[in-house]
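Undergrad: One structure follows; several queries about it will come next.
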Amino acid sequence: MHLNYMFAGTGKDGAPHQRGALADILAVRPGDNILFYVAEHGFYGFFRASQSKRPLVFYEHPTRQYLDSGLGGKTLTYRFFIEGGEQGVYRQGVDEWDALENPDRIVDHSVFNMQWSWIFKKLKGGRGCVSIPEEEARLLEEIIVRDNVRLRDVRHYTFANGEIAECAEPHKYEGDTSRMPMLHERADIIETEADLRVFFCSNIGRSDLLGEVVCPDEHGRITFIANEAKCSFGMRSIDLLLLSDSNKCLLIELKNTFTFDERFLDQLSGYARWVSSYKRQLTEIVPILILRAPPLCRRRGGKKFKYLSAEDCDRNVVSPWFKGLVSNFRSLEAELRALHIPKLSQLRVVLFQTNDDQRLTGFTFLDLNSKNQLTAKV
């Protein structure tokens with residue numbers, strides 16, 4: 001059905017919305033390569049996300065799924081159209097053993113050339129849209145094309161007897177493709193950490209606000225977005241893992257509050273060690289904590305405000321609570337540096353602001369170097 005109607009989709013059975021699946025699919029950009037996988041059959045080569053259909057991602061309510069009967073009741077809430085890609089579609093599938101585990105197919109028989117993204121997906125399960133970094137995709141392509149038949153000059157496809165074939169009769173997708181995902185429409189409203197992930201996946205490379213955070217002039221253009229990326233057999237998960245065309249990696253941990261968590265050191269060092277060990281082509285690993293900015297000025301009782309009075313705000317005299325948390329982040333940065341993880345750069349702590357409607361309005365960087373100036377670039 002996917003091939004006949006040239007679409008891909010993901011979602012949780014019976015759920016009208018699922019933030020994780022939505023963040024996954026909103027990380028897809030027009031023209032991205034889409035590796036086609038058929039359970040119990042294998043990998044068949046590359047399509048690509050449509051470069052002409054707008055919007056790219058559209059919404060299907062689980063009780064009104066177009067092609068529901070043909071899909072066997074599988075809920076595919078979020079969908080986008082695909083087309084034939086330059087890397088080619090191949091007739092026969094390569095099974096999981098040969099693609100992921102067969103030592104004879106792993107380049108140089110090296111652990112560094114294993115399909116880590118897919119292996120962790122298989123171990124963890126639960127989602128149908130997986131980001132694969134470029135070097136893993138290249139290795140998969142070499143395995144898929146070996147002794148296989150490329151389908152050339154084919155516009156319409158079908159799947160039968162375990163093979164992809166040309167379909168003589170085109171199928172027109174007649175579902176409603178105008179409905180945007182509800183959570184995407186309100187993607188700049190930040191009420192939970194999941195909202196942050198949806199916003200970042202949807203807007204990286206498209207938003208001037210996020211340009212301030214990912215800094216393309218410094219780190220390069222982002223070419224890979226992995227939402228809730230898994231790394232290590234301990235099933236560590238980082239909120240966002242970004243790779244750039246300058247071979248830099250951004251490790252981003254998101255929090256919807258301004259808080260210091262004792263687990264930050266273990267989380268960031270664990271992610272960084274794994275990436276440093278297994279993704280050796282990277283030149284720099286940048287750890288970033290993104291937290292909600294605290295309320296600015298106290299209006300009633302309480303201590304969890306940046307300033308405790310209007311006078312303190314005017315004089316930039318921050319509260320003891322705020323000063324203590326900034327001190328904790330400075331200590332965290334020093335502890336990370338002391339671990340001497342190869343290629344790990346300085347920790348960056350970024351605060352995001354919202355208005356009264358919880359719409360994201362901007363970012364502020366904490367200056368972890370200065371003892372006096374606690375806020376820097378806006």
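How things are named: the first chain in the structure tokens is A, the next is B, and so on; residues count from 1 in each chain; ligands count from 1 in the order shown.
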Would you pick out the contacts of Asp217 of chain A at 12 Å or less, using only C-alpha atoms, so that residues sharing its chain but fewer than 4 positions from it are not included, and give the list as a CSV table (one decimal) with C-alpha atoms, in the first residue's frame?

TA:
chain,number,residue,atom,x,y,z
A,205,GLY,CA,17.4,25.1,9.7
A,211,GLY,CA,19.8,29.7,14.5
A,212,GLU,CA,20.9,31.5,17.6
A,213,VAL,CA,21.1,28.1,19.4
A,221,ARG,CA,24.6,23.5,8.5
A,222,ILE,CA,22.6,20.8,10.3
A,244,SER,CA,26.5,19.2,10.7
A,245,ASP,CA,28.2,19.3,7.4
A,246,SER,CA,31.3,20.4,9.3

Undergrad: Based on DSSP run over this structure's backbone, return all residues of segment 254-342 of chain A in helix (DSSP H, G or I), as a PyMOL selection string.

TA: chain A and resi 264-278+310-315+320-338

Undergrad: Write out, as a PDB file, in the first residue's frame, the residues just selected, with C-alpha atoms.

TA:
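As written to disk, out04.pdb reads:
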ATOM      1  CA  PHE A 264      23.341  16.040  33.998  1.00  0.00           C
ATOM      2  CA  LEU A 265      26.978  14.996  34.388  1.00  0.00           C
ATOM      3  CA  ASP A 266      26.229  11.303  33.879  1.00  0.00           C
ATOM      4  CA  GLN A 267      23.885  11.991  30.974  1.00  0.00           C
ATOM      5  CA  LEU A 268      26.096  14.355  29.002  1.00  0.00           C
ATOM      6  CA  SER A 269      29.339  12.469  29.679  1.00  0.00           C
ATOM      7  CA  GLY A 270      27.711   9.149  28.743  1.00  0.00           C
ATOM      8  CA  TYR A 271      26.415  10.491  25.427  1.00  0.00           C
ATOM      9  CA  ALA A 272      29.710  12.230  24.683  1.00  0.00           C
ATOM     10  CA  ARG A 273      31.860   9.164  25.457  1.00  0.00           C
ATOM     11  CA  TRP A 274      29.763   6.976  23.173  1.00  0.00           C
ATOM     12  CA  VAL A 275      29.742   9.448  20.295  1.00  0.00           C
ATOM     13  CA  SER A 276      33.457  10.149  20.702  1.00  0.00           C
ATOM     14  CA  SER A 277      34.249   6.417  20.662  1.00  0.00           C
ATOM     15  CA  TYR A 278      32.080   5.241  17.778  1.00  0.00           C
ATOM     16  CA  ALA A 310      12.293  45.699  40.683  1.00  0.00           C
ATOM     17  CA  GLU A 311      15.255  47.524  42.188  1.00  0.00           C
ATOM     18  CA  ASP A 312      17.379  44.364  41.960  1.00  0.00           C
ATOM     19  CA  CYS A 313      16.331  43.987  38.342  1.00  0.00           C
ATOM     20  CA  ASP A 314      17.380  47.547  37.544  1.00  0.00           C
ATOM     21  CA  ARG A 315      20.763  46.955  39.189  1.00  0.00           C
ATOM     22  CA  PRO A 320      20.739  33.793  45.756  1.00  0.00           C
ATOM     23  CA  TRP A 321      18.710  30.935  44.219  1.00  0.00           C
ATOM     24  CA  PHE A 322      19.579  31.964  40.656  1.00  0.00           C
ATOM     25  CA  LYS A 323      23.211  32.608  41.561  1.00  0.00           C
ATOM     26  CA  GLY A 324      23.448  29.175  43.185  1.00  0.00           C
ATOM     27  CA  LEU A 325      22.131  27.388  40.104  1.00  0.00           C
ATOM     28  CA  VAL A 326      24.526  29.259  37.823  1.00  0.00           C
ATOM     29  CA  SER A 327      27.344  28.202  40.147  1.00  0.00           C
ATOM     30  CA  ASN A 328      26.185  24.589  39.769  1.00  0.00           C
ATOM     31  CA  PHE A 329      26.349  24.877  35.985  1.00  0.00           C
ATOM     32  CA  ARG A 330      29.868  26.295  36.224  1.00  0.00           C
ATOM     33  CA  SER A 331      30.869  23.304  38.347  1.00  0.00           C
ATOM     34  CA  LEU A 332      29.225  20.946  35.842  1.00  0.00           C
ATOM     35  CA  GLU A 333      31.213  22.509  33.008  1.00  0.00           C
ATOM     36  CA  ALA A 334      34.444  22.087  34.989  1.00  0.00           C
ATOM     37  CA  GLU A 335      33.631  18.444  35.813  1.00  0.00           C
ATOM     38  CA  LEU A 336      32.908  17.650  32.164  1.00  0.00           C
ATOM     39  CA  ARG A 337      36.186  19.260  31.139  1.00  0.00           C
ATOM     40  CA  ALA A 338      38.065  17.251  33.776  1.00  0.00           C
TER      41      ALA A 338
END

Undergrad: Determine, counting only C-alpha atoms, which protein, DNA and RNA residues have an atom within 10 Å of an atom of Pro16 of chain A; residues of the same chain fewer than 3 positions away are not included. Present the result as a ChimeraX atom specification.

TA: /A:11-13,59-63,75-78,181-182

Undergrad: My list of candidates is A:Gly20, A:Arg155, A:Ile144, A:Leu241. Which is closest to Ala168 of chain A when distances are computed with only C-alpha atoms?

TA: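 Of all the options, A:Arg155 lies closest to Ala168 of chain A.
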
Undergrad: Pick out the closest residue to Leu291 of chain A from this set: A:Val149, A:Val317, A:Thr192, A:Ser237. Count only C-alpha atoms.

TA: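 Closest to Leu291 of chain A, using only C-alpha atoms: A:Thr192.
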